[in-house]
$ cat input-v1.pdb   # PDB, C-alpha atoms
ATOM      1  CA  MET A 207      85.060  65.010  48.715
ATOM      2  CA  THR A 208      83.963  66.029  45.217
ATOM      3  CA  LYS A 209      81.048  65.787  42.844
ATOM      4  CA  ARG A 210      82.351  65.548  39.290
ATOM      5  CA  ILE A 211      80.076  66.843  36.527
ATOM      6  CA  HIS A 212      81.127  65.416  33.156
ATOM      7  CA  PHE A 213      80.525  67.580  30.073
ATOM      8  CA  THR A 214      80.367  66.810  26.375
ATOM      9  CA  VAL A 215      80.436  69.379  23.576
ATOM     10  CA  ASP A 216      76.620  69.237  23.507
ATOM     11  CA  ASP A 217      76.479  69.892  27.249
ATOM     12  CA  LEU A 218      78.614  73.009  26.897
ATOM     13  CA  ALA A 219      76.281  74.279  24.183
ATOM     14  CA  ARG A 220      73.212  73.652  26.362
ATOM     15  CA  THR A 221      74.527  75.151  29.590
ATOM     16  CA  ARG A 222      72.495  78.171  30.681
ATOM     17  CA  VAL A 223      71.911  80.427  33.668
ATOM     18  CA  THR A 224      68.795  81.387  35.620
ATOM     19  CA  ALA A 225      68.125  84.083  38.204
ATOM     20  CA  THR A 226      66.832  81.925  41.059
ATOM     21  CA  LEU A 227      65.963  78.472  42.325
ATOM     22  CA  GLY A 228      62.613  79.942  43.302
ATOM     23  CA  VAL A 229      60.969  81.244  46.429
ATOM     24  CA  ALA A 230      60.293  77.769  47.866
ATOM     25  CA  ALA A 231      63.966  76.773  47.690
ATOM     26  CA  GLU A 232      65.075  80.057  49.278
ATOM     27  CA  THR A 233      62.490  79.599  52.040
ATOM     28  CA  LEU A 234      63.681  76.088  52.854
ATOM     29  CA  ASP A 235      67.336  77.157  52.829
ATOM     30  CA  GLY A 236      66.450  80.165  54.993
ATOM     31  CA  ILE A 237      64.995  77.880  57.663
ATOM     32  CA  LYS A 238      68.142  75.757  57.469
ATOM     33  CA  ARG A 239      70.151  78.931  58.065
ATOM     34  CA  LEU A 240      68.138  79.751  61.160
ATOM     35  CA  ARG A 241      68.722  76.276  62.574
ATOM     36  CA  GLU A 242      72.416  76.009  61.734
ATOM     37  CA  GLY A 243      73.659  79.096  63.566
ATOM     38  CA  GLY A 244      74.924  82.522  62.684
ATOM     39  CA  THR A 245      77.617  83.968  60.466
ATOM     40  CA  PRO A 246      78.469  87.680  60.044
ATOM     41  CA  ALA A 247      76.851  87.863  56.610
ATOM     42  CA  PHE A 248      73.455  86.840  58.020
ATOM     43  CA  HIS A 249      73.611  88.516  61.438
ATOM     44  CA  ARG A 250      71.096  91.292  60.730
ATOM     45  CA  TRP A 251      68.640  88.870  59.162
ATOM     46  CA  ARG A 252      68.955  86.355  62.006
ATOM     47  CA  THR A 253      68.450  89.083  64.592
ATOM     48  CA  SER A 254      65.093  90.059  63.114
ATOM     49  CA  VAL A 255      63.880  86.590  62.157
ATOM     50  CA  GLY A 256      65.634  84.025  64.346
ATOM     51  CA  ARG A 257      63.707  84.624  67.548
ATOM     52  CA  GLU A 258      60.443  83.798  65.758
ATOM     53  CA  LEU A 259      61.505  80.204  65.108
ATOM     54  CA  GLY A 260      61.244  79.466  68.804
ATOM     55  CA  GLY A 261      57.792  81.018  69.136
ATOM     56  CA  ARG A 262      54.627  80.894  67.094
ATOM     57  CA  LEU A 263      56.516  80.280  63.859
ATOM     58  CA  CYS A 264      57.941  77.041  65.246
ATOM     59  CA  GLU A 265      54.411  75.731  65.724
ATOM     60  CA  GLN A 266      53.239  76.910  62.294
ATOM     61  CA  ALA A 267      56.358  75.521  60.624
ATOM     62  CA  GLY A 268      56.033  72.141  62.332
ATOM     63  CA  PRO A 269      55.071  70.069  59.251
ATOM     64  CA  LEU A 270      57.996  71.460  57.252
ATOM     65  CA  LEU A 271      60.457  71.100  60.145
ATOM     66  CA  ALA A 272      59.349  67.477  60.578
ATOM     67  CA  LEU A 273      60.681  66.773  57.080
ATOM     68  CA  MET A 274      64.029  68.423  57.864
ATOM     69  CA  PRO A 275      65.655  65.896  60.239
ATOM     70  CA  ALA A 276      68.967  66.824  61.835
ATOM     71  CA  HIS A 277      70.700  63.837  60.231
ATOM     72  CA  GLY A 278      70.480  62.498  56.717
ATOM     73  CA  PRO A 279      68.624  63.930  53.720
ATOM     74  CA  GLN A 280      65.908  66.559  54.008
ATOM     75  CA  ILE A 281      62.912  67.259  51.808
ATOM     76  CA  ASP A 282      63.565  69.254  48.643
ATOM     77  CA  VAL A 283      60.506  71.497  48.633
ATOM     78  CA  ALA A 284      61.635  73.153  45.404
ATOM     79  CA  SER A 285      61.158  69.897  43.485
ATOM     80  CA  LEU A 286      57.508  69.918  44.557
ATOM     81  CA  ALA A 287      56.885  73.675  44.351
ATOM     82  CA  GLY A 288      58.954  74.566  41.270
ATOM     83  CA  ASN A 289      61.215  77.553  40.672
ATOM     84  CA  THR A 290      58.531  80.230  40.637
ATOM     85  CA  THR A 291      59.196  83.535  42.415
ATOM     86  CA  CYS A 292      55.571  83.766  43.611
ATOM     87  CA  ILE A 293      54.671  81.981  46.862
ATOM     88  CA  ASP A 294      51.056  81.502  45.755
ATOM     89  CA  GLU A 295      52.197  79.680  42.617
ATOM     90  CA  ALA A 296      54.680  77.667  44.682
ATOM     91  CA  VAL A 297      51.907  76.492  47.018
ATOM     92  CA  ASP A 298      49.648  75.631  44.067
ATOM     93  CA  ASN A 299      52.460  73.564  42.533
ATOM     94  CA  LEU A 300      53.101  71.787  45.827
ATOM     95  CA  LEU A 301      49.438  70.861  46.186
ATOM     96  CA  ALA A 302      49.340  69.593  42.589
ATOM     97  CA  ALA A 303      52.654  67.671  42.699
ATOM     98  CA  SER A 304      52.427  64.054  41.605
ATOM     99  CA  ARG A 305      52.113  61.337  44.222
ATOM    100  CA  VAL A 306      55.170  59.616  42.716
ATOM    101  CA  LEU A 307      57.384  62.669  43.227
ATOM    102  CA  THR A 308      56.002  63.356  46.705
ATOM    103  CA  ARG A 309      56.680  59.790  47.785
ATOM    104  CA  LEU A 310      60.231  59.931  46.436
ATOM    105  CA  GLU A 311      60.874  63.111  48.426
ATOM    106  CA  VAL A 312      59.424  61.810  51.686
ATOM    107  CA  GLU A 313      59.788  58.062  52.048
ATOM    108  CA  TYR A 314      63.560  57.950  52.688
ATOM    109  CA  LEU A 315      63.658  60.741  55.265
ATOM    110  CA  ASP A 316      64.574  59.826  58.846
ATOM    111  CA  VAL A 317      61.425  61.392  60.285
ATOM    112  CA  HIS A 318      60.975  61.480  64.067
ATOM    113  CA  PRO A 319      58.642  58.678  65.277
ATOM    114  CA  ALA A 320      56.094  61.271  66.428
ATOM    115  CA  HIS A 321      55.655  62.466  62.848
ATOM    116  CA  ARG A 322      55.960  59.232  60.881
ATOM    117  CA  ALA A 323      52.234  58.564  60.528
ATOM    118  CA  TRP A 324      51.717  62.064  59.147
ATOM    119  CA  ALA A 325      54.716  61.686  56.791
ATOM    120  CA  ARG A 326      53.310  58.390  55.484
ATOM    121  CA  ALA A 327      49.975  60.078  54.832
ATOM    122  CA  LEU A 328      51.779  62.849  52.937
ATOM    123  CA  ALA A 329      53.680  60.290  50.862
ATOM    124  CA  ASP A 330      50.400  58.512  50.089
ATOM    125  CA  GLY A 331      48.894  61.718  48.712
ATOM    126  CA  ASP A 332      46.656  62.680  51.637
ATOM    127  CA  ARG A 333      45.137  66.101  50.862
ATOM    128  CA  GLU A 334      45.052  67.331  54.465
ATOM    129  CA  ALA A 335      48.716  66.451  54.954
ATOM    130  CA  ARG A 336      49.592  68.441  51.818
ATOM    131  CA  LEU A 337      47.592  71.433  53.039
ATOM    132  CA  GLN A 338      49.455  71.332  56.340
ATOM    133  CA  LEU A 339      52.811  71.289  54.527
ATOM    134  CA  ALA A 340      51.663  74.151  52.298
ATOM    135  CA  GLY A 341      50.636  76.171  55.361
ATOM    136  CA  ALA A 342      54.042  75.590  56.935
ATOM    137  CA  LEU A 343      55.786  76.743  53.756
ATOM    138  CA  ARG A 344      53.695  79.931  53.720
ATOM    139  CA  ALA A 345      54.451  80.661  57.380
ATOM    140  CA  CYS A 346      58.191  80.205  56.910
ATOM    141  CA  HIS A 347      58.179  82.318  53.768
ATOM    142  CA  ARG A 348      56.226  85.094  55.479
ATOM    143  CA  ALA A 349      58.740  85.336  58.340
ATOM    144  CA  ALA A 350      62.088  84.546  56.726
ATOM    145  CA  VAL A 351      61.846  85.626  53.088
ATOM    146  CA  ALA A 352      58.903  87.900  52.246
ATOM    147  CA  PRO A 353      60.187  91.073  53.976
ATOM    148  CA  TYR A 354      63.499  90.822  52.102
ATOM    149  CA  TRP A 355      62.390  89.287  48.802
ATOM    150  CA  GLN A 356      62.710  92.404  46.672
ATOM    151  CA  GLN A 357      66.330  92.992  47.681
ATOM    152  CA  MET A 358      67.061  89.281  47.361
ATOM    153  CA  ARG A 359      65.714  89.280  43.796
ATOM    154  CA  LEU A 360      67.967  92.217  42.931
ATOM    155  CA  ASP A 361      71.016  90.420  44.319
ATOM    156  CA  LEU A 362      70.107  87.260  42.410
ATOM    157  CA  ALA A 363      69.444  89.171  39.182
ATOM    158  CA  THR A 364      72.799  90.936  39.526
ATOM    159  CA  ALA A 365      74.554  87.596  39.981
ATOM    160  CA  ARG A 366      72.808  86.167  36.921
ATOM    161  CA  GLU A 367      73.760  89.200  34.869
ATOM    162  CA  GLY A 368      77.378  88.659  35.864
ATOM    163  CA  TYR A 369      77.183  85.062  34.623
ATOM    164  CA  VAL A 370      75.610  86.204  31.349
ATOM    165  CA  CYS A 371      78.278  88.859  30.755
ATOM    166  CA  THR A 372      81.044  86.348  31.380
ATOM    167  CA  MET A 373      79.483  83.921  28.897
ATOM    168  CA  ALA A 374      79.043  86.684  26.325
ATOM    169  CA  GLU A 375      82.655  87.788  26.603
ATOM    170  CA  GLY A 376      84.442  84.461  27.018
ATOM    171  CA  GLY A 377      82.022  81.628  26.316
ATOM    172  CA  VAL A 378      80.693  78.878  28.552
ATOM    173  CA  GLU A 379      84.127  77.536  29.466
ATOM    174  CA  ARG A 380      85.181  80.964  30.728
ATOM    175  CA  LEU A 381      82.086  81.001  32.922
ATOM    176  CA  LEU A 382      82.920  77.562  34.305
ATOM    177  CA  GLU A 383      86.503  78.683  34.975
ATOM    178  CA  THR A 384      85.356  81.616  37.090
ATOM    179  CA  LEU A 385      82.489  80.046  39.054
ATOM    180  CA  CYS A 386      82.718  80.452  42.816
ATOM    181  CA  ASP A 387      86.307  79.389  43.508
ATOM    182  CA  PRO A 388      87.226  77.400  45.642
ATOM    183  CA  LEU A 389      83.851  75.634  45.776
ATOM    184  CA  VAL A 390      83.881  74.893  42.044
ATOM    185  CA  ARG A 391      86.825  74.137  39.748
ATOM    186  CA  TRP A 392      86.818  73.555  35.981
ATOM    187  CA  ARG A 393      89.159  70.785  34.812
ATOM    188  CA  PRO A 394      87.990  70.213  31.219
ATOM    189  CA  PRO A 395      85.810  68.328  30.522
ATOM    190  CA  VAL A 396      84.894  67.931  34.207
ATOM    191  CA  LEU A 397      83.489  70.511  36.617
ATOM    192  CA  GLU A 398      84.556  69.599  40.148
ATOM    193  CA  VAL A 399      82.199  70.683  42.926
ATOM    194  CA  ARG A 400      83.378  70.481  46.530
ATOM    195  CA  HIS A 401      80.794  68.386  48.357
ATOM    196  CA  PRO A 402      80.445  66.129  51.436
ATOM    197  CA  ARG A 403      79.910  63.089  49.174
ATOM    198  CA  ASP A 404      81.837  61.797  46.159
ATOM    199  CA  ALA A 405      79.791  61.287  43.011
ATOM    200  CA  ASP A 406      80.057  61.357  39.226
ATOM    201  CA  ILE A 407      77.297  63.050  37.237
ATOM    202  CA  TYR A 408      77.207  62.550  33.473
ATOM    203  CA  LEU A 409      75.160  65.216  31.728
ATOM    204  CA  ARG A 410      74.723  63.159  28.545
ATOM    205  CA  GLY A 411      73.650  66.092  26.393
ATOM    206  CA  ARG A 412      71.244  67.620  28.917
ATOM    207  CA  GLY A 413      73.479  70.577  29.705
ATOM    208  CA  LEU A 414      73.659  72.299  33.088
ATOM    209  CA  ILE A 415      71.584  75.091  34.639
ATOM    210  CA  ILE A 416      73.520  77.491  36.863
ATOM    211  CA  ALA A 417      71.516  79.355  39.505
ATOM    212  CA  PRO A 418      72.570  81.823  42.244
ATOM    213  CA  THR A 419      71.101  81.471  45.741
ATOM    214  CA  VAL A 420      71.009  83.700  48.817
ATOM    215  CA  PHE A 421      70.529  81.272  51.702
ATOM    216  CA  SER A 422      72.785  78.474  50.492
ATOM    217  CA  SER A 423      74.864  77.030  53.349
ATOM    218  CA  GLN A 424      78.092  78.049  51.603
ATOM    219  CA  GLN A 425      78.500  74.943  49.532
ATOM    220  CA  ALA A 426      77.571  74.438  45.912
ATOM    221  CA  GLU A 427      74.656  72.063  45.458
ATOM    222  CA  VAL A 428      73.847  69.881  42.452
ATOM    223  CA  LEU A 429      70.090  69.351  42.219
ATOM    224  CA  GLN A 430      68.510  66.675  40.031
ATOM    225  CA  ASN A 431      64.897  65.844  39.241
ATOM    226  CA  LEU A 432      64.052  62.514  40.866
ATOM    227  CA  VAL A 433      61.278  61.678  38.400
ATOM    228  CA  ASP A 434      62.403  63.124  35.074
ATOM    229  CA  GLN A 435      66.010  62.127  34.451
ATOM    230  CA  GLU A 436      65.974  63.984  31.125
ATOM    231  CA  GLN A 437      65.883  67.362  32.856
ATOM    232  CA  ALA A 438      69.189  69.193  33.163
ATOM    233  CA  PRO A 439      70.727  69.215  36.650
ATOM    234  CA  VAL A 440      70.955  72.552  38.453
ATOM    235  CA  LEU A 441      74.145  73.879  40.031
ATOM    236  CA  ALA A 442      73.186  76.237  42.879
ATOM    237  CA  LEU A 443      75.861  78.719  43.944
ATOM    238  CA  PRO A 444      75.900  80.978  47.047
ATOM    239  CA  THR A 445      75.941  84.731  46.463
ATOM    240  CA  VAL A 446      76.377  86.008  50.044
ATOM    241  CA  GLY A 447      79.974  85.705  51.254
ATOM    242  CA  GLU A 448      80.682  84.336  54.716
ATOM    243  CA  GLY A 449      83.382  86.899  55.396
ATOM    244  CA  THR A 450      81.262  89.990  54.753
ATOM    245  CA  ASP A 451      79.003  92.043  57.003
ATOM    246  CA  GLY A 452      76.083  91.413  54.666
ATOM    247  CA  SER A 453      73.769  94.002  56.219
ATOM    248  CA  ALA A 454      72.991  95.604  52.840
ATOM    249  CA  HIS A 455      71.346  92.349  51.742
ATOM    250  CA  TRP A 456      68.634  92.629  54.374
ATOM    251  CA  LEU A 457      66.874  95.801  53.332
ATOM    252  CA  THR A 458      63.160  95.280  53.873
ATOM    253  CA  GLU A 459      60.825  95.431  50.903
ATOM    254  CA  GLU A 460      58.922  98.318  52.480
ATOM    255  CA  ALA A 461      61.995 100.577  52.542
ATOM    256  CA  ALA A 462      63.031  99.571  49.024
ATOM    257  CA  GLU A 463      59.587 100.236  47.590
ATOM    258  CA  ARG A 464      59.354 103.611  49.322
ATOM    259  CA  SER A 465      62.589 104.848  47.733
ATOM    260  CA  LEU A 466      61.579 103.688  44.257
ATOM    261  CA  ASP A 467      58.110 105.188  44.636
ATOM    262  CA  ASP A 468      59.616 108.593  45.392
ATOM    263  CA  LEU A 469      61.753 108.474  42.254
ATOM    264  CA  MET A 470      59.518 106.832  39.658
ATOM    265  CA  GLY A 471      55.990 106.615  40.939
ATOM    266  CA  ARG A 472      54.500 103.599  42.693
ATOM    267  CA  THR A 473      53.258 101.548  39.733
ATOM    268  CA  ARG A 474      56.229 102.095  37.432
ATOM    269  CA  ALA A 475      58.645 101.346  40.277
ATOM    270  CA  ALA A 476      56.741  98.127  40.983
ATOM    271  CA  VAL A 477      56.958  97.124  37.307
ATOM    272  CA  LEU A 478      60.730  97.667  37.286
ATOM    273  CA  ALA A 479      61.181  95.673  40.490
ATOM    274  CA  ALA A 480      58.959  92.840  39.242
ATOM    275  CA  ALA A 481      61.048  92.566  36.070
ATOM    276  CA  ALA A 482      64.218  91.956  38.083
ATOM    277  CA  ASP A 483      63.902  88.191  37.668
ATOM    278  CA  GLY A 484      62.004  88.297  34.369
ATOM    279  CA  CYS A 485      58.274  88.099  33.748
ATOM    280  CA  SER A 486      55.695  88.454  30.995
ATOM    281  CA  THR A 487      53.247  91.315  30.583
ATOM    282  CA  THR A 488      50.469  89.060  31.856
ATOM    283  CA  GLU A 489      52.516  88.203  34.953
ATOM    284  CA  LEU A 490      53.221  91.890  35.558
ATOM    285  CA  ALA A 491      49.518  92.686  35.394
ATOM    286  CA  ARG A 492      48.563  89.809  37.696
ATOM    287  CA  ARG A 493      51.271  90.467  40.286
ATOM    288  CA  LEU A 494      50.553  94.190  40.497
ATOM    289  CA  GLY A 495      46.788  94.074  40.093
ATOM    290  CA  ILE A 496      46.727  96.301  37.008
ATOM    291  CA  SER A 497      45.315  95.875  33.515
ATOM    292  CA  LEU A 498      47.314  94.351  30.665
ATOM    293  CA  ALA A 499      47.211  97.685  28.856
ATOM    294  CA  THR A 500      48.628  99.530  31.868
ATOM    295  CA  ALA A 501      51.356  96.935  32.378
ATOM    296  CA  SER A 502      52.301  97.141  28.696
ATOM    297  CA  GLU A 503      52.371 100.951  28.824
ATOM    298  CA  HIS A 504      54.708 101.062  31.828
ATOM    299  CA  ALA A 505      56.934  98.375  30.308
ATOM    300  CA  THR A 506      57.188 100.437  27.126
ATOM    301  CA  VAL A 507      58.290 103.539  29.057
ATOM    302  CA  LEU A 508      60.894 101.560  30.999
ATOM    303  CA  ARG A 509      62.150  99.923  27.812
ATOM    304  CA  ARG A 510      62.574 103.314  26.113
ATOM    305  CA  ALA A 511      64.584 104.443  29.141
ATOM    306  CA  ALA A 512      66.828 101.337  28.715
ATOM    307  CA  LEU A 513      65.835 100.080  32.175
ATOM    308  CA  ILE A 514      64.281  96.843  30.907
ATOM    309  CA  THR A 515      64.643  94.740  27.803
ATOM    310  CA  THR A 516      61.824  92.822  26.118
ATOM    311  CA  ARG A 517      62.095  89.665  24.028
ATOM    312  CA  ARG A 518      59.520  87.313  22.549
ATOM    313  CA  ASP A 519      59.037  83.994  24.351
ATOM    314  CA  GLY A 520      56.654  81.923  22.240
ATOM    315  CA  LYS A 521      53.366  83.805  22.005
ATOM    316  CA  ALA A 522      54.227  86.025  24.975
ATOM    317  CA  VAL A 523      56.914  88.623  25.594
ATOM    318  CA  ARG A 524      59.298  88.562  28.537
ATOM    319  CA  HIS A 525      60.606  91.653  30.319
ATOM    320  CA  THR A 526      63.918  91.669  32.185
ATOM    321  CA  THR A 527      65.842  94.491  33.808
ATOM    322  CA  THR A 528      68.920  95.687  31.938
ATOM    323  CA  HIS A 529      72.262  96.315  33.592
ATOM    324  CA  LEU A 530      71.196  99.950  34.007
ATOM    325  CA  GLY A 531      67.830  98.936  35.509
ATOM    326  CA  THR A 532      69.456  96.504  37.931
ATOM    327  CA  ALA A 533      72.046  99.102  38.920
ATOM    328  CA  LEU A 534      69.299 101.669  39.536
ATOM    329  CA  LEU A 535      67.353  99.296  41.753
ATOM    330  CA  ALA A 536      70.463  98.295  43.682
ATOM    331  CA  SER A 537      71.772 101.837  44.165
ATOM    332  CA  ILE A 538      68.441 103.121  45.456
ATOM    333  CA  THR A 539      67.753 100.267  47.831
ATOM    334  CA  ARG A 540      71.270 100.132  49.219
ATOM    335  CA  GLY A 541      70.900 103.772  50.122
ATOM    336  CA  PHE A 542      68.596 102.650  52.943
ATOM    337  CA  GLY A 543      71.191 100.326  54.453
ATOM    338  CA  PRO A 544      72.782 101.123  57.814
TER     339      PRO A 544
END
$ encode --input "input-v1.pdb" --output "structure tokens"
Amino acid sequence: MTKRIHFTVDDLARTRVTATLGVAAETLDGIKRLREGGTPAFHRWRTSVGRELGGRLCEQAGPLLALMPAHGPQIDVASLAGNTTCIDEAVDNLLAASRVLTRLEVEYLDVHPAHRAWARALADGDREARLQLAGALRACHRAAVAPYWQQMRLDLATAREGYVCTMAEGGVERLLETLCDPLVRWRPPVLEVRHPRDADIYLRGRGLIIAPTVFSSQQAEVLQNLVDQEQAPVLALPTVGEGTDGSAHWLTEEAAERSLDDLMGRTRAAVLAAAADGCSTTELARRLGISLATASEHATVLRRAALITTRRDGKAVRHTTTHLGTALLASITRGFGP
């Protein structure tokens, strides 16, 4: 079975890459991973997290699990929570999502009879039902993603940088030619994506967004906005290979931060790590609890050391780790692997 993505010249020009689908999407896919069973690449992660799903986490995650039936479609939390890398922002977005979008995500799910009344209330915009779903998302994130998020962001940023380098050296078509074989194959002007269901997707000038993921179930996914059909579809590609040990991916954030602190100092190390997936000076200050002036000062030092790059994005500036900065983060954190 294949999904066929049809490109025009305009679509090739508007194709771009991003570093992540966001923390909500990774959380949802992480829970899917826990439920589906183990593979070598995720063994270490499952060992430390999997047992929690059968205990207190299972109870806390109940509202989210209710919208993830074993058969048929499951809720796309990312469409409600956005692609932010901050769980607090993701929860705020979920609570503020339109009733139209929420209903579209929920009403066709094959929810267990015991949960149908609650699911209908959620689809109708009930505030308490949304708060319960938000609490479940937080609980799942705290157990399955938060301890590993820093290393995950580095892996995702490295994957994005690889996409960018390929585009810079060979253009968009070269990128499409080299994407995740055998899951994806470029047969100009069509990108074929191996998928359980046949479908044709016509971009019609919207372009395509390519995003790496960590917890993807080893198939490429094509994600489309159910409300705004003018938004470009997203092609999500797995970054963790099934045939690898994968233990280096599951370095906890505590160990990673400790190694960076020793080398660079706590605040500057935190600024470098936060820039792994790109953020503004204001975002740096807010995430790290420091002043704008302090965030700007540390960003300047890192930029002079060629560890981050800064570009203007409207009225703000956006900081992103360079190849050297990403390599430094990866080399230090992987040193704590088994």
$ resolve_selection --input "input-v1.pdb" --expression "the PyMOL selection byres ((chain A and resi 328) around 10)" --output "list in words"
Arg305, Thr308, Arg309, Val312, Glu313, Arg322, Ala323, Trp324, Ala325, Arg326, Ala327, Ala329, Asp330, Gly331, Asp332, Arg333, Glu334, Ala335, Arg336, Leu337, Gln338 and Leu339 of chain A
$ resolve_selection --input "input-v1.pdb" --expression "the PyMOL selection byres ((chain A and resi 260-277) around 9)" --output "PDB file with C-alpha atoms, in the frame of the given file"
ATOM      1  CA  LEU A 234      63.681  76.088  52.854  1.00  0.00           C
ATOM      2  CA  ILE A 237      64.995  77.880  57.663  1.00  0.00           C
ATOM      3  CA  LYS A 238      68.142  75.757  57.469  1.00  0.00           C
ATOM      4  CA  GLY A 256      65.634  84.025  64.346  1.00  0.00           C
ATOM      5  CA  ARG A 257      63.707  84.624  67.548  1.00  0.00           C
ATOM      6  CA  GLU A 258      60.443  83.798  65.758  1.00  0.00           C
ATOM      7  CA  LEU A 259      61.505  80.204  65.108  1.00  0.00           C
ATOM      8  CA  GLY A 278      70.480  62.498  56.717  1.00  0.00           C
ATOM      9  CA  PRO A 279      68.624  63.930  53.720  1.00  0.00           C
ATOM     10  CA  GLN A 280      65.908  66.559  54.008  1.00  0.00           C
ATOM     11  CA  ILE A 281      62.912  67.259  51.808  1.00  0.00           C
ATOM     12  CA  VAL A 283      60.506  71.497  48.633  1.00  0.00           C
ATOM     13  CA  VAL A 312      59.424  61.810  51.686  1.00  0.00           C
ATOM     14  CA  LEU A 315      63.658  60.741  55.265  1.00  0.00           C
ATOM     15  CA  ASP A 316      64.574  59.826  58.846  1.00  0.00           C
ATOM     16  CA  VAL A 317      61.425  61.392  60.285  1.00  0.00           C
ATOM     17  CA  HIS A 318      60.975  61.480  64.067  1.00  0.00           C
ATOM     18  CA  HIS A 321      55.655  62.466  62.848  1.00  0.00           C
ATOM     19  CA  ARG A 322      55.960  59.232  60.881  1.00  0.00           C
ATOM     20  CA  TRP A 324      51.717  62.064  59.147  1.00  0.00           C
ATOM     21  CA  ALA A 325      54.716  61.686  56.791  1.00  0.00           C
ATOM     22  CA  ALA A 335      48.716  66.451  54.954  1.00  0.00           C
ATOM     23  CA  GLN A 338      49.455  71.332  56.340  1.00  0.00           C
ATOM     24  CA  LEU A 339      52.811  71.289  54.527  1.00  0.00           C
ATOM     25  CA  ALA A 340      51.663  74.151  52.298  1.00  0.00           C
ATOM     26  CA  GLY A 341      50.636  76.171  55.361  1.00  0.00           C
ATOM     27  CA  ALA A 342      54.042  75.590  56.935  1.00  0.00           C
ATOM     28  CA  LEU A 343      55.786  76.743  53.756  1.00  0.00           C
ATOM     29  CA  ARG A 344      53.695  79.931  53.720  1.00  0.00           C
ATOM     30  CA  ALA A 345      54.451  80.661  57.380  1.00  0.00           C
ATOM     31  CA  CYS A 346      58.191  80.205  56.910  1.00  0.00           C
ATOM     32  CA  ALA A 349      58.740  85.336  58.340  1.00  0.00           C
TER      33      ALA A 349
END
$ closest_residue --input "input-v1.pdb" --among "A:Arg474, A:Arg517, A:Arg222, A:Arg510" --to "Ile496 (chain A)" --atoms "only C-alpha atoms"
A:Arg474
$ closest_residue --input "input-v1.pdb" --among "A:Asp217, A:Asp235, A:Glu379, A:Asp483" --to "Glu367 (chain A)" --atoms "only C-alpha atoms"
A:Asp483
$ residues_around --input "input-v1.pdb" --residues "Val477 (chain A)" --least-positions-apart "5" --cutoff "12 Å" --atoms "only C-alpha atoms" --output "PDB file with C-alpha atoms, in the coordinates of the input"
ATOM      1  CA  GLN A 356      62.710  92.404  46.672  1.00  0.00           C
ATOM      2  CA  GLU A 463      59.587 100.236  47.590  1.00  0.00           C
ATOM      3  CA  LEU A 466      61.579 103.688  44.257  1.00  0.00           C
ATOM      4  CA  ASP A 467      58.110 105.188  44.636  1.00  0.00           C
ATOM      5  CA  MET A 470      59.518 106.832  39.658  1.00  0.00           C
ATOM      6  CA  GLY A 471      55.990 106.615  40.939  1.00  0.00           C
ATOM      7  CA  ARG A 472      54.500 103.599  42.693  1.00  0.00           C
ATOM      8  CA  ALA A 482      64.218  91.956  38.083  1.00  0.00           C
ATOM      9  CA  ASP A 483      63.902  88.191  37.668  1.00  0.00           C
ATOM     10  CA  GLY A 484      62.004  88.297  34.369  1.00  0.00           C
ATOM     11  CA  CYS A 485      58.274  88.099  33.748  1.00  0.00           C
ATOM     12  CA  SER A 486      55.695  88.454  30.995  1.00  0.00           C
ATOM     13  CA  THR A 487      53.247  91.315  30.583  1.00  0.00           C
ATOM     14  CA  THR A 488      50.469  89.060  31.856  1.00  0.00           C
ATOM     15  CA  GLU A 489      52.516  88.203  34.953  1.00  0.00           C
ATOM     16  CA  LEU A 490      53.221  91.890  35.558  1.00  0.00           C
ATOM     17  CA  ALA A 491      49.518  92.686  35.394  1.00  0.00           C
ATOM     18  CA  ARG A 492      48.563  89.809  37.696  1.00  0.00           C
ATOM     19  CA  ARG A 493      51.271  90.467  40.286  1.00  0.00           C
ATOM     20  CA  LEU A 494      50.553  94.190  40.497  1.00  0.00           C
ATOM     21  CA  GLY A 495      46.788  94.074  40.093  1.00  0.00           C
ATOM     22  CA  ILE A 496      46.727  96.301  37.008  1.00  0.00           C
ATOM     23  CA  THR A 500      48.628  99.530  31.868  1.00  0.00           C
ATOM     24  CA  ALA A 501      51.356  96.935  32.378  1.00  0.00           C
ATOM     25  CA  SER A 502      52.301  97.141  28.696  1.00  0.00           C
ATOM     26  CA  GLU A 503      52.371 100.951  28.824  1.00  0.00           C
ATOM     27  CA  HIS A 504      54.708 101.062  31.828  1.00  0.00           C
ATOM     28  CA  ALA A 505      56.934  98.375  30.308  1.00  0.00           C
ATOM     29  CA  THR A 506      57.188 100.437  27.126  1.00  0.00           C
ATOM     30  CA  VAL A 507      58.290 103.539  29.057  1.00  0.00           C
ATOM     31  CA  LEU A 508      60.894 101.560  30.999  1.00  0.00           C
ATOM     32  CA  ARG A 509      62.150  99.923  27.812  1.00  0.00           C
ATOM     33  CA  LEU A 513      65.835 100.080  32.175  1.00  0.00           C
ATOM     34  CA  ILE A 514      64.281  96.843  30.907  1.00  0.00           C
ATOM     35  CA  HIS A 525      60.606  91.653  30.319  1.00  0.00           C
ATOM     36  CA  THR A 526      63.918  91.669  32.185  1.00  0.00           C
ATOM     37  CA  THR A 527      65.842  94.491  33.808  1.00  0.00           C
ATOM     38  CA  GLY A 531      67.830  98.936  35.509  1.00  0.00           C
ATOM     39  CA  LEU A 535      67.353  99.296  41.753  1.00  0.00           C
TER      40      LEU A 535
END
$ atom_distance --input "input-v1.pdb" --atom1 "CA of Thr224 (chain A)" --atom2 "CA of Ala363 (chain A)"
8.6 Å
$ closest_residue --input "input-v1.pdb" --among "A:Thr226, A:Gln425, A:Thr253, A:Thr528" --to "Thr208 (chain A)" --atoms "all atoms listed in the file"
A:Gln425
$ residues_around --input "input-v1.pdb" --residues "Asn299 (chain A)" --least-positions-apart "5" --cutoff "8 Å" --atoms "only C-alpha atoms" --output "number ranges by chain"
A: 286-288
$ write_last_selection --input "input-v1.pdb" --atoms "C-alpha atoms" --output "JSON list (two decimals), in the coordinates of the input"
[["chain", "number", "residue", "atom", "x", "y", "z"],
["A", 286, "LEU", "CA", 57.51, 69.92, 44.56],
["A", 287, "ALA", "CA", 56.88, 73.68, 44.35],
["A", 288, "GLY", "CA", 58.95, 74.57, 41.27]]
